[in-house]
Amino acid sequence: MDSVRSHLNEYVSTVGKSPIRALFELSFDPNLISFAGGNPASELFDVDGLAKSFAHVMEIAGPRAMQYASTDGEPEMRAAAAQRSTGMGVPTTASQVFITSGSQQGIGLLSQTLVNPGDVVLVENPSFVSALQAFGLQGAEFKPVDTDEAGVVPEALDAAIRRWKPKAVYLIPTFQNPTGVTMPESRRRAVADIFAAHDTWLIEDDPYSELRYTEDQQIPICADPRLDDRAFLLNTLSKVLSPGLRVGWVRGPEHILERLSVAKQATALQTSTIDQLAAAHYLAHTDLQATLDPIRAEYARRRDAMLTGLREVLPPGSAMTEPAGGMFVWARLPEGYDASELVYDAIEAGTMFVPGAPFYVADPDPRTLRFSFVSNTPEVTRTGLERLAPVFRRG
Ligand SMILES: Cc1ncc(COP(=O)(O)O)c(C=O)c1O
């Protein structure tokens, strides 16, 4: 074929591959210490607990678990998801929930359902790369909204909605990926007021809020009942139980979830029956909060080790976030540094991070980079950062 591009869908041929997924392959090299992926710590997975749920489901309902099932999700899983969203402060019934294969699929299905080519989608700048891919595949045009150390700036959001008349606004208000930033409660109220006053969709992505390392529990913006007809909340079991399970959900207006099910049928028919039944059984028989307590304590220790280590190895004049939860620290190197170049020297030295530029939809800052702190013990993190010290010194 002369030009492969002209034979492909316009957006598939132009949307870039995720740089994190590209590094993912390398991260299996046992000699490399990776701060790149947003992977929960494998050694803290409740393997026995989930294995018991799978065994139970096969024993009690084997044929059902092995059969095709509904597009919208199994009743047990929808009920469990509704209960979880309600527990997070967003009163939810099972009929307001649509089960997805991870929240990434939720973002993809919402993109397919809501976005036409050329529609504007407002995003934080930087934002989650795979969400940008999903909207990009539908031909979305991105516009950035100003953020500060407390997330999206309400006045800037209001002005951007007035100016760009976006089809949707995609936000990660709690322990944001990639910055780790969290929007405080007072600002959430201001942001909810803005959405209540405008005719645009809010897509609130919340995979990290239960990985909090302080007592402060952030309630999603979607908890405001004025937004029930215009907001979607995405949740997932990936970060709190297992990303390999691929179970997440979208909470949103029921008449739109019906349309989402067309996109789901066209994409995947349904989410795995056995995975949903096992996840639902697990949630019904496990005190997830109690399971998470030691994980949160360990992740907090790992975050502290990352912050202490970074303070020592980042060159003078660098800045970094100090997240109260989630998985990521976001750093900015001094003038003259380029993290996209340094990543190769870092890999040579035996450590990996993600350069920040691909997370931006406008004005990429080459001096930024993201470190995931949850996958490695404090000792391994220290070793990884020691390897990075000479790389940063050379600049
Ligand atoms: C902000 C954000 N949304 C969604 C996802 C996707 O999660 P899932 O495994 O549920 O598809 C991630 C994973 O890294 C994420 O960081």
# chains A, B, ... in the order shown; residues from 1 in each chain; ligands from 1

$ residues_near_ligand --ligand "ligand 1" --cutoff "6 Å" --atoms "only C-alpha atoms and all ligand atoms" --output "list in words"
Gly38, Gly102, Ser103, Gln104, Phe128, Asn177, Asp205, Pro207, Thr236, Ser238, Pro243 and Gly248 of chain A

$ write_last_selection --atoms "N, CA, C and O atoms" --output "PDB file, in the first residue's frame"
ATOM      1  N   GLY A  38       1.561   3.304  36.589  1.00  0.00           N
ATOM      2  CA  GLY A  38       0.671   3.488  37.735  1.00  0.00           C
ATOM      3  C   GLY A  38       0.209   2.134  38.261  1.00  0.00           C
ATOM      4  O   GLY A  38      -0.982   1.903  38.443  1.00  0.00           O
ATOM      5  N   GLY A 102     -12.814  -1.854  33.337  1.00  0.00           N
ATOM      6  CA  GLY A 102     -11.901  -0.815  33.826  1.00  0.00           C
ATOM      7  C   GLY A 102     -12.460   0.554  33.489  1.00  0.00           C
ATOM      8  O   GLY A 102     -13.326   0.693  32.603  1.00  0.00           O
ATOM      9  N   SER A 103     -11.974   1.582  34.205  1.00  0.00           N
ATOM     10  CA  SER A 103     -12.549   2.903  33.918  1.00  0.00           C
ATOM     11  C   SER A 103     -12.051   3.436  32.587  1.00  0.00           C
ATOM     12  O   SER A 103     -12.673   4.316  31.994  1.00  0.00           O
ATOM     13  N   GLN A 104     -10.936   2.908  32.084  1.00  0.00           N
ATOM     14  CA  GLN A 104     -10.497   3.335  30.748  1.00  0.00           C
ATOM     15  C   GLN A 104     -11.580   3.047  29.714  1.00  0.00           C
ATOM     16  O   GLN A 104     -11.839   3.854  28.830  1.00  0.00           O
ATOM     17  N   PHE A 128      -4.464  12.896  32.011  1.00  0.00           N
ATOM     18  CA  PHE A 128      -4.196  11.456  31.859  1.00  0.00           C
ATOM     19  C   PHE A 128      -4.106  11.087  30.366  1.00  0.00           C
ATOM     20  O   PHE A 128      -5.076  11.266  29.620  1.00  0.00           O
ATOM     21  N   ASN A 177      -3.794  12.305  38.091  1.00  0.00           N
ATOM     22  CA  ASN A 177      -2.763  11.708  37.249  1.00  0.00           C
ATOM     23  C   ASN A 177      -2.554  12.683  36.090  1.00  0.00           C
ATOM     24  O   ASN A 177      -3.510  12.932  35.344  1.00  0.00           O
ATOM     25  N   ASP A 205     -13.304  11.654  36.702  1.00  0.00           N
ATOM     26  CA  ASP A 205     -12.590  10.375  36.769  1.00  0.00           C
ATOM     27  C   ASP A 205     -11.986  10.244  38.169  1.00  0.00           C
ATOM     28  O   ASP A 205     -11.217  11.110  38.592  1.00  0.00           O
ATOM     29  N   PRO A 207     -10.242   7.326  40.046  1.00  0.00           N
ATOM     30  CA  PRO A 207      -9.715   5.997  40.373  1.00  0.00           C
ATOM     31  C   PRO A 207      -8.913   5.948  41.680  1.00  0.00           C
ATOM     32  O   PRO A 207      -8.655   4.870  42.196  1.00  0.00           O
ATOM     33  N   THR A 236     -13.352   2.543  39.588  1.00  0.00           N
ATOM     34  CA  THR A 236     -12.719   1.302  39.154  1.00  0.00           C
ATOM     35  C   THR A 236     -12.221   0.515  40.362  1.00  0.00           C
ATOM     36  O   THR A 236     -11.962   1.091  41.418  1.00  0.00           O
ATOM     37  N   SER A 238      -9.461  -1.114  39.877  1.00  0.00           N
ATOM     38  CA  SER A 238      -8.061  -1.335  39.478  1.00  0.00           C
ATOM     39  C   SER A 238      -7.049  -0.943  40.544  1.00  0.00           C
ATOM     40  O   SER A 238      -6.071  -1.648  40.766  1.00  0.00           O
ATOM     41  N   PRO A 243      -5.847  -4.288  38.913  1.00  0.00           N
ATOM     42  CA  PRO A 243      -6.083  -3.786  37.554  1.00  0.00           C
ATOM     43  C   PRO A 243      -6.217  -4.909  36.532  1.00  0.00           C
ATOM     44  O   PRO A 243      -6.804  -4.723  35.470  1.00  0.00           O
ATOM     45  N   GLY A 248     -14.684  -1.856  36.270  1.00  0.00           N
ATOM     46  CA  GLY A 248     -14.943  -0.480  36.690  1.00  0.00           C
ATOM     47  C   GLY A 248     -16.385  -0.144  36.381  1.00  0.00           C
ATOM     48  O   GLY A 248     -17.160  -1.021  35.995  1.00  0.00           O
TER      49      GLY A 248
END

$ select_by_dssp --residues "range 117-182 of chain A" --states "alpha helix (DSSP H)" --output "PyMOL selection string"
chain A and resi 129-137+154-164

$ write_last_selection --atoms "N, CA and C atoms" --output "compact mmCIF listing (two decimals), in the first residue's frame"
# COMPACT_ATOMS: atom_id res chain seq x y z
N VAL A 129 -2.95 10.56 29.97
CA VAL A 129 -2.67 10.34 28.54
C VAL A 129 -3.71 9.46 27.86
N SER A 130 -4.14 8.38 28.50
CA SER A 130 -5.05 7.45 27.82
C SER A 130 -6.46 8.03 27.68
N ALA A 131 -6.80 8.98 28.52
CA ALA A 131 -8.08 9.69 28.32
C ALA A 131 -7.94 10.58 27.08
N LEU A 132 -6.79 11.21 26.93
CA LEU A 132 -6.57 12.06 25.75
C LEU A 132 -6.63 11.20 24.49
N GLN A 133 -6.12 9.99 24.58
CA GLN A 133 -6.21 9.08 23.42
C GLN A 133 -7.67 8.79 23.09
N ALA A 134 -8.45 8.47 24.13
CA ALA A 134 -9.85 8.08 23.90
C ALA A 134 -10.64 9.22 23.26
N PHE A 135 -10.49 10.43 23.80
CA PHE A 135 -11.21 11.57 23.20
C PHE A 135 -10.64 11.89 21.82
N GLY A 136 -9.32 11.75 21.70
CA GLY A 136 -8.66 12.04 20.42
C GLY A 136 -9.15 11.12 19.31
N LEU A 137 -9.42 9.87 19.66
CA LEU A 137 -9.90 8.91 18.64
C LEU A 137 -11.27 9.30 18.10
N PRO A 154 -11.62 27.79 39.29
CA PRO A 154 -13.03 27.97 38.94
C PRO A 154 -13.27 29.10 37.94
N GLU A 155 -12.64 30.25 38.14
CA GLU A 155 -12.87 31.39 37.23
C GLU A 155 -12.42 31.02 35.81
N ALA A 156 -11.30 30.29 35.72
CA ALA A 156 -10.77 29.91 34.41
C ALA A 156 -11.71 28.89 33.75
N LEU A 157 -12.27 27.99 34.58
CA LEU A 157 -13.21 26.99 34.04
C LEU A 157 -14.44 27.68 33.49
N ASP A 158 -14.98 28.61 34.28
CA ASP A 158 -16.17 29.32 33.85
C ASP A 158 -15.90 30.06 32.53
N ALA A 159 -14.76 30.74 32.48
CA ALA A 159 -14.42 31.51 31.27
C ALA A 159 -14.23 30.57 30.07
N ALA A 160 -13.58 29.43 30.31
CA ALA A 160 -13.32 28.50 29.20
C ALA A 160 -14.62 27.89 28.69
N ILE A 161 -15.55 27.59 29.59
CA ILE A 161 -16.84 27.03 29.14
C ILE A 161 -17.58 28.07 28.31
N ARG A 162 -17.56 29.32 28.79
CA ARG A 162 -18.25 30.38 28.02
C ARG A 162 -17.60 30.56 26.66
N ARG A 163 -16.27 30.51 26.64
CA ARG A 163 -15.57 30.79 25.39
C ARG A 163 -15.65 29.65 24.38
N TRP A 164 -15.43 28.41 24.87
CA TRP A 164 -15.28 27.30 23.93
C TRP A 164 -16.55 26.47 23.74

$ select_by_dssp --residues "range 149-273 of chain A" --states "strand (DSSP E or B)" --output "list in words"
Gly151, Val152, Ala168, Val169, Tyr170, Leu171, Trp201, Leu202, Ile203, Glu204, Asp205, Arg212, Ala231, Phe232, Leu233, Leu234, Asn235, Thr236, Gly248, Trp249, Val250 and Arg251 of chain A

$ write_last_selection --atoms "N, CA, C and O atoms" --output "JSON list (two decimals), in the first residue's frame"
[["chain", "number", "residue", "atom", "x", "y", "z"],
["A", 151, "GLY", "N", -5.96, 22.30, 41.85],
["A", 151, "GLY", "CA", -6.74, 21.78, 40.72],
["A", 151, "GLY", "C", -7.22, 22.89, 39.79],
["A", 151, "GLY", "O", -6.63, 23.98, 39.72],
["A", 152, "VAL", "N", -8.30, 22.58, 39.08],
["A", 152, "VAL", "CA", -8.84, 23.54, 38.11],
["A", 152, "VAL", "C", -9.25, 24.84, 38.81],
["A", 152, "VAL", "O", -9.87, 24.82, 39.87],
["A", 168, "ALA", "N", -17.77, 18.50, 26.50],
["A", 168, "ALA", "CA", -17.55, 17.86, 27.80],
["A", 168, "ALA", "C", -16.31, 18.44, 28.46],
["A", 168, "ALA", "O", -15.44, 19.01, 27.80],
["A", 169, "VAL", "N", -16.27, 18.29, 29.78],
["A", 169, "VAL", "CA", -15.09, 18.68, 30.56],
["A", 169, "VAL", "C", -14.63, 17.43, 31.31],
["A", 169, "VAL", "O", -15.43, 16.80, 32.02],
["A", 170, "TYR", "N", -13.37, 17.06, 31.12],
["A", 170, "TYR", "CA", -12.84, 15.85, 31.77],
["A", 170, "TYR", "C", -11.91, 16.28, 32.91],
["A", 170, "TYR", "O", -10.93, 16.98, 32.67],
["A", 171, "LEU", "N", -12.25, 15.87, 34.13],
["A", 171, "LEU", "CA", -11.46, 16.27, 35.29],
["A", 171, "LEU", "C", -11.11, 15.07, 36.16],
["A", 171, "LEU", "O", -11.89, 14.12, 36.28],
["A", 201, "TRP", "N", -21.27, 18.50, 29.59],
["A", 201, "TRP", "CA", -21.09, 17.29, 30.38],
["A", 201, "TRP", "C", -19.86, 17.40, 31.27],
["A", 201, "TRP", "O", -18.80, 17.84, 30.81],
["A", 202, "LEU", "N", -19.98, 16.96, 32.50],
["A", 202, "LEU", "CA", -18.81, 16.78, 33.36],
["A", 202, "LEU", "C", -18.47, 15.29, 33.40],
["A", 202, "LEU", "O", -19.34, 14.47, 33.70],
["A", 203, "ILE", "N", -17.23, 14.96, 33.06],
["A", 203, "ILE", "CA", -16.76, 13.58, 33.21],
["A", 203, "ILE", "C", -15.72, 13.60, 34.32],
["A", 203, "ILE", "O", -14.63, 14.14, 34.16],
["A", 204, "GLU", "N", -16.10, 13.07, 35.48],
["A", 204, "GLU", "CA", -15.22, 13.10, 36.66],
["A", 204, "GLU", "C", -14.60, 11.72, 36.84],
["A", 204, "GLU", "O", -15.30, 10.74, 37.08],
["A", 205, "ASP", "N", -13.30, 11.65, 36.70],
["A", 205, "ASP", "CA", -12.59, 10.37, 36.77],
["A", 205, "ASP", "C", -11.99, 10.24, 38.17],
["A", 205, "ASP", "O", -11.22, 11.11, 38.59],
["A", 212, "ARG", "N", -5.88, 7.27, 50.00],
["A", 212, "ARG", "CA", -5.56, 8.54, 50.66],
["A", 212, "ARG", "C", -4.70, 8.27, 51.89],
["A", 212, "ARG", "O", -4.92, 7.27, 52.59],
["A", 231, "ALA", "N", -23.66, 14.86, 34.67],
["A", 231, "ALA", "CA", -22.32, 14.46, 35.12],
["A", 231, "ALA", "C", -22.16, 12.95, 35.12],
["A", 231, "ALA", "O", -23.12, 12.20, 35.38],
["A", 232, "PHE", "N", -20.95, 12.51, 34.82],
["A", 232, "PHE", "CA", -20.59, 11.10, 34.86],
["A", 232, "PHE", "C", -19.45, 10.93, 35.85],
["A", 232, "PHE", "O", -18.48, 11.72, 35.84],
["A", 233, "LEU", "N", -19.56, 9.92, 36.68],
["A", 233, "LEU", "CA", -18.48, 9.60, 37.62],
["A", 233, "LEU", "C", -17.91, 8.25, 37.23],
["A", 233, "LEU", "O", -18.65, 7.27, 37.08],
["A", 234, "LEU", "N", -16.59, 8.20, 37.06],
["A", 234, "LEU", "CA", -15.92, 6.94, 36.70],
["A", 234, "LEU", "C", -15.19, 6.38, 37.91],
["A", 234, "LEU", "O", -14.38, 7.10, 38.52],
["A", 235, "ASN", "N", -15.49, 5.15, 38.24],
["A", 235, "ASN", "CA", -14.78, 4.46, 39.33],
["A", 235, "ASN", "C", -14.26, 3.13, 38.83],
["A", 235, "ASN", "O", -14.70, 2.63, 37.80],
["A", 236, "THR", "N", -13.35, 2.54, 39.59],
["A", 236, "THR", "CA", -12.72, 1.30, 39.15],
["A", 236, "THR", "C", -12.22, 0.51, 40.36],
["A", 236, "THR", "O", -11.96, 1.09, 41.42],
["A", 248, "GLY", "N", -14.68, -1.86, 36.27],
["A", 248, "GLY", "CA", -14.94, -0.48, 36.69],
["A", 248, "GLY", "C", -16.38, -0.14, 36.38],
["A", 248, "GLY", "O", -17.16, -1.02, 35.99],
["A", 249, "TRP", "N", -16.77, 1.12, 36.58],
["A", 249, "TRP", "CA", -18.15, 1.49, 36.26],
["A", 249, "TRP", "C", -18.28, 2.99, 36.02],
["A", 249, "TRP", "O", -17.44, 3.78, 36.43],
["A", 250, "VAL", "N", -19.38, 3.31, 35.30],
["A", 250, "VAL", "CA", -19.76, 4.70, 35.07],
["A", 250, "VAL", "C", -21.07, 4.93, 35.79],
["A", 250, "VAL", "O", -22.00, 4.15, 35.64],
["A", 251, "ARG", "N", -21.13, 6.02, 36.57],
["A", 251, "ARG", "CA", -22.40, 6.45, 37.15],
["A", 251, "ARG", "C", -22.86, 7.66, 36.36],
["A", 251, "ARG", "O", -22.09, 8.60, 36.15]]

$ closest_residue --among "A:Ala80, A:Val115, A:Met352, A:Ala69" --to "Gly37 in chain A" --atoms "only C-alpha atoms"
A:Met352

$ atom_distance --atom1 "CA of Asp216 in chain A" --atom2 "CA of Pro126 in chain A"
24.4 Å

$ residues_around --residues "range 84-100 of chain A" --least-positions-apart "3" --cutoff "10 Å" --atoms "only C-alpha atoms" --output "mmCIF file with N, CA and C atoms, in the first residue's frame"
data_model
loop_
_atom_site.group_PDB
_atom_site.id
_atom_site.type_symbol
_atom_site.label_atom_id
_atom_site.label_comp_id
_atom_site.auth_asym_id
_atom_site.auth_seq_id
_atom_site.Cartn_x
_atom_site.Cartn_y
_atom_site.Cartn_z
ATOM 1 N N SER A 70 -25.332 -9.796 30.436
ATOM 2 C CA SER A 70 -25.902 -8.528 29.978
ATOM 3 C C SER A 70 -24.814 -7.509 29.626
ATOM 4 N N THR A 71 -25.183 -6.574 28.759
ATOM 5 C CA THR A 71 -24.249 -5.525 28.344
ATOM 6 C C THR A 71 -23.971 -4.543 29.482
ATOM 7 N N ASP A 72 -25.013 -4.246 30.244
ATOM 8 C CA ASP A 72 -24.891 -3.186 31.256
ATOM 9 C C ASP A 72 -24.178 -3.628 32.523
ATOM 10 N N GLY A 73 -24.040 -4.930 32.717
ATOM 11 C CA GLY A 73 -23.379 -5.423 33.915
ATOM 12 C C GLY A 73 -24.270 -6.367 34.678
ATOM 13 N N GLU A 74 -23.660 -7.287 35.397
ATOM 14 C CA GLU A 74 -24.425 -8.249 36.192
ATOM 15 C C GLU A 74 -25.069 -7.531 37.388
ATOM 16 N N PRO A 75 -26.291 -7.937 37.746
ATOM 17 C CA PRO A 75 -26.999 -7.232 38.830
ATOM 18 C C PRO A 75 -26.171 -7.158 40.121
ATOM 19 N N GLU A 76 -25.477 -8.242 40.449
ATOM 20 C CA GLU A 76 -24.675 -8.239 41.689
ATOM 21 C C GLU A 76 -23.591 -7.170 41.635
ATOM 22 N N MET A 77 -22.958 -7.054 40.459
ATOM 23 C CA MET A 77 -21.862 -6.096 40.348
ATOM 24 C C MET A 77 -22.392 -4.673 40.292
ATOM 25 N N ARG A 78 -23.531 -4.499 39.644
ATOM 26 C CA ARG A 78 -24.110 -3.150 39.600
ATOM 27 C C ARG A 78 -24.517 -2.714 41.012
ATOM 28 N N ALA A 79 -25.055 -3.655 41.770
ATOM 29 C CA ALA A 79 -25.442 -3.314 43.148
ATOM 30 C C ALA A 79 -24.200 -2.992 43.978
ATOM 31 N N ALA A 80 -23.140 -3.801 43.797
ATOM 32 C CA ALA A 80 -21.905 -3.564 44.564
ATOM 33 C C ALA A 80 -21.283 -2.223 44.180
ATOM 34 N N ALA A 81 -21.324 -1.913 42.885
ATOM 35 C CA ALA A 81 -20.748 -0.645 42.422
ATOM 36 C C ALA A 81 -21.541 0.536 42.988
ATOM 37 N N SER A 103 -11.974 1.582 34.205
ATOM 38 C CA SER A 103 -12.549 2.903 33.918
ATOM 39 C C SER A 103 -12.051 3.436 32.587
ATOM 40 N N GLN A 104 -10.936 2.908 32.084
ATOM 41 C CA GLN A 104 -10.497 3.335 30.748
ATOM 42 C C GLN A 104 -11.580 3.047 29.714
ATOM 43 N N GLN A 105 -12.223 1.891 29.839
ATOM 44 C CA GLN A 105 -13.296 1.612 28.881
ATOM 45 C C GLN A 105 -14.447 2.594 29.074
ATOM 46 N N GLY A 106 -14.678 2.985 30.321
ATOM 47 C CA GLY A 106 -15.719 3.993 30.575
ATOM 48 C C GLY A 106 -15.407 5.290 29.841
ATOM 49 N N ILE A 107 -14.142 5.706 29.880
ATOM 50 C CA ILE A 107 -13.757 6.949 29.191
ATOM 51 C C ILE A 107 -13.969 6.767 27.683
ATOM 52 N N GLY A 108 -13.551 5.599 27.178
ATOM 53 C CA GLY A 108 -13.704 5.329 25.748
ATOM 54 C C GLY A 108 -15.159 5.326 25.325
ATOM 55 N N LEU A 109 -16.012 4.661 26.107
ATOM 56 C CA LEU A 109 -17.433 4.587 25.743
ATOM 57 C C LEU A 109 -18.105 5.955 25.833
ATOM 58 N N SER A 209 -9.274 8.022 44.766
ATOM 59 C CA SER A 209 -9.630 8.712 46.013
ATOM 60 C C SER A 209 -9.529 7.821 47.254
ATOM 61 N N GLU A 210 -9.617 6.505 47.069
ATOM 62 C CA GLU A 210 -9.503 5.663 48.270
ATOM 63 C C GLU A 210 -8.057 5.369 48.662
ATOM 64 N N GLN A 217 -11.222 12.888 53.577
ATOM 65 C CA GLN A 217 -11.866 12.149 52.491
ATOM 66 C C GLN A 217 -12.527 13.149 51.549
ATOM 67 N N GLN A 218 -12.165 13.113 50.280
ATOM 68 C CA GLN A 218 -12.718 14.065 49.321
ATOM 69 C C GLN A 218 -13.983 13.488 48.686
ATOM 70 N N ILE A 219 -15.037 14.254 48.713
ATOM 71 C CA ILE A 219 -16.296 13.819 48.104
ATOM 72 C C ILE A 219 -16.293 14.283 46.638
ATOM 73 N N PRO A 220 -16.641 13.377 45.694
ATOM 74 C CA PRO A 220 -16.628 13.780 44.284
ATOM 75 C C PRO A 220 -17.532 14.990 44.007
ATOM 76 N N ILE A 221 -17.167 15.759 42.993
ATOM 77 C CA ILE A 221 -17.986 16.905 42.572
ATOM 78 C C ILE A 221 -19.382 16.416 42.184
ATOM 79 N N CYS A 222 -19.433 15.212 41.585
ATOM 80 C CA CYS A 222 -20.703 14.622 41.134
ATOM 81 C C CYS A 222 -21.692 14.378 42.266
ATOM 82 N N ALA A 223 -21.249 14.486 43.517
ATOM 83 C CA ALA A 223 -22.172 14.262 44.640
ATOM 84 C C ALA A 223 -23.268 15.325 44.660
ATOM 85 N N ASP A 224 -23.023 16.460 44.019
ATOM 86 C CA ASP A 224 -24.017 17.537 44.005
ATOM 87 C C ASP A 224 -25.217 17.112 43.145
ATOM 88 N N PRO A 225 -26.416 16.979 43.754
ATOM 89 C CA PRO A 225 -27.568 16.461 43.000
ATOM 90 C C PRO A 225 -27.968 17.341 41.817
ATOM 91 N N ASP A 228 -26.893 15.728 38.568
ATOM 92 C CA ASP A 228 -27.302 14.353 38.223
ATOM 93 C C ASP A 228 -27.630 14.185 36.743
ATOM 94 N N PHE A 232 -20.948 12.513 34.818
ATOM 95 C CA PHE A 232 -20.590 11.098 34.864
ATOM 96 C C PHE A 232 -19.448 10.932 35.854
ATOM 97 N N LEU A 233 -19.560 9.916 36.680
ATOM 98 C CA LEU A 233 -18.476 9.604 37.618
ATOM 99 C C LEU A 233 -17.908 8.246 37.232
ATOM 100 N N LEU A 234 -16.593 8.202 37.063
ATOM 101 C CA LEU A 234 -15.924 6.942 36.701
ATOM 102 C C LEU A 234 -15.195 6.385 37.910
ATOM 103 N N ASN A 235 -15.495 5.148 38.242
ATOM 104 C CA ASN A 235 -14.776 4.463 39.328
ATOM 105 C C ASN A 235 -14.256 3.125 38.832
ATOM 106 N N THR A 236 -13.352 2.543 39.588
ATOM 107 C CA THR A 236 -12.719 1.302 39.154
ATOM 108 C C THR A 236 -12.221 0.515 40.362
ATOM 109 N N ARG A 246 -9.948 -5.876 35.546
ATOM 110 C CA ARG A 246 -10.648 -5.051 34.544
ATOM 111 C C ARG A 246 -12.131 -4.887 34.889
ATOM 112 N N VAL A 247 -12.411 -4.398 36.063
ATOM 113 C CA VAL A 247 -13.798 -4.079 36.416
ATOM 114 C C VAL A 247 -13.872 -2.639 36.932
ATOM 115 N N GLY A 248 -14.684 -1.856 36.270
ATOM 116 C CA GLY A 248 -14.943 -0.480 36.690
ATOM 117 C C GLY A 248 -16.385 -0.144 36.381
ATOM 118 N N TRP A 249 -16.774 1.118 36.579
ATOM 119 C CA TRP A 249 -18.151 1.491 36.258
ATOM 120 C C TRP A 249 -18.277 2.991 36.019
ATOM 121 N N VAL A 250 -19.383 3.306 35.299
ATOM 122 C CA VAL A 250 -19.758 4.697 35.066
ATOM 123 C C VAL A 250 -21.065 4.933 35.794
ATOM 124 N N ARG A 251 -21.125 6.018 36.573
ATOM 125 C CA ARG A 251 -22.405 6.448 37.154
ATOM 126 C C ARG A 251 -22.862 7.662 36.357
ATOM 127 N N GLY A 252 -24.101 7.629 35.905
ATOM 128 C CA GLY A 252 -24.561 8.766 35.117
ATOM 129 C C GLY A 252 -26.060 8.711 34.871
ATOM 130 N N PRO A 253 -26.577 9.686 34.102
ATOM 131 C CA PRO A 253 -28.009 9.722 33.810
ATOM 132 C C PRO A 253 -28.427 8.453 33.053
ATOM 133 N N GLU A 254 -29.538 7.871 33.493
ATOM 134 C CA GLU A 254 -29.915 6.548 32.949
ATOM 135 C C GLU A 254 -30.176 6.566 31.449
ATOM 136 N N HIS A 255 -30.769 7.668 30.936
ATOM 137 C CA HIS A 255 -31.087 7.673 29.494
ATOM 138 C C HIS A 255 -29.805 7.755 28.655
ATOM 139 N N ILE A 256 -28.726 8.243 29.231
ATOM 140 C CA ILE A 256 -27.458 8.264 28.483
ATOM 141 C C ILE A 256 -26.762 6.904 28.629
ATOM 142 N N LEU A 257 -26.900 6.293 29.789
ATOM 143 C CA LEU A 257 -26.295 4.956 29.960
ATOM 144 C C LEU A 257 -26.882 3.979 28.942
ATOM 145 N N GLU A 258 -28.138 4.192 28.603
ATOM 146 C CA GLU A 258 -28.750 3.333 27.561
ATOM 147 C C GLU A 258 -28.017 3.464 26.233
ATOM 148 N N LEU A 260 -24.908 4.442 26.016
ATOM 149 C CA LEU A 260 -23.568 3.888 26.277
ATOM 150 C C LEU A 260 -23.574 2.397 25.965
ATOM 151 N N SER A 261 -24.697 1.762 26.213
ATOM 152 C CA SER A 261 -24.742 0.312 26.011
ATOM 153 C C SER A 261 -24.659 -0.035 24.517
ATOM 154 N N LYS A 264 -21.011 0.032 23.929
ATOM 155 C CA LYS A 264 -20.391 -1.137 24.567
ATOM 156 C C LYS A 264 -20.621 -2.399 23.722
ATOM 157 N N ALA A 268 -17.368 -4.400 22.809
ATOM 158 C CA ALA A 268 -16.931 -5.571 23.569
ATOM 159 C C ALA A 268 -18.080 -6.497 23.972
ATOM 160 N N GLN A 270 -19.808 -7.000 26.287
ATOM 161 C CA GLN A 270 -20.040 -6.975 27.738
ATOM 162 C C GLN A 270 -18.690 -7.058 28.454
ATOM 163 N N THR A 271 -18.712 -6.825 29.742
ATOM 164 C CA THR A 271 -17.531 -7.088 30.575
ATOM 165 C C THR A 271 -17.606 -8.544 31.035
ATOM 166 N N SER A 272 -16.459 -9.170 31.159
ATOM 167 C CA SER A 272 -16.371 -10.587 31.530
ATOM 168 C C SER A 272 -17.346 -10.977 32.649
ATOM 169 N N GLN A 276 -16.923 -10.178 36.799
ATOM 170 C CA GLN A 276 -17.909 -9.373 37.540
ATOM 171 C C GLN A 276 -18.446 -10.138 38.746
ATOM 172 N N LEU A 283 -16.439 -8.233 46.999
ATOM 173 C CA LEU A 283 -16.845 -7.002 47.690
ATOM 174 C C LEU A 283 -17.907 -7.290 48.752
#

$ atom_distance --atom1 "CA of Asp275 in chain A" --atom2 "CA of Ala61 in chain A"
12.5 Å

$ residues_around --residues "Arg367 in chain A" --least-positions-apart "2" --cutoff "7 Å" --atoms "only C-alpha atoms" --output "list in words"
Arg332, Leu333, Pro334, Tyr337, Asp338, Ala339, Asp365 and Leu369 of chain A

$ write_last_selection --atoms "C-alpha atoms" --output "PDB file, in the first residue's frame"
ATOM      1  CA  ARG A 332       9.792  20.193  37.340  1.00  0.00           C
ATOM      2  CA  LEU A 333      13.520  20.411  36.671  1.00  0.00           C
ATOM      3  CA  PRO A 334      15.327  23.741  36.443  1.00  0.00           C
ATOM      4  CA  TYR A 337      16.661  20.453  31.386  1.00  0.00           C
ATOM      5  CA  ASP A 338      14.681  18.192  29.056  1.00  0.00           C
ATOM      6  CA  ALA A 339      13.137  15.149  30.741  1.00  0.00           C
ATOM      7  CA  ASP A 365       6.719  21.657  29.558  1.00  0.00           C
ATOM      8  CA  LEU A 369       8.427  14.374  34.807  1.00  0.00           C
TER       9      LEU A 369
END

$ closest_residue --among "A:Val313, A:Val57, A:Leu241, A:Leu114" --to "Gln289 in chain A" --atoms "only C-alpha atoms"
A:Leu241

$ residues_around --residues "Lys167 in chain A" --least-positions-apart "4" --cutoff "9 Å" --atoms "only C-alpha atoms" --output "list in words"
Leu114, Val115, Asn116, Asp119, Val120, Val121, Leu122, Asp199, Thr200 and Trp201 of chain A

$ residues_around --residues "Ala150 in chain A" --least-positions-apart "2" --cutoff "10 Å" --atoms "only C-alpha atoms" --output "list in words"
Thr147, Asp148, Val152, Val153, Pro173, Thr174, Val181, Thr182, Met183, Pro184, Glu185, Arg187 and Arg188 of chain A

$ closest_residue --among "A:Leu245, A:Val15, A:Val374, A:Leu342" --to "Arg394 in chain A" --atoms "only C-alpha atoms"
A:Leu342
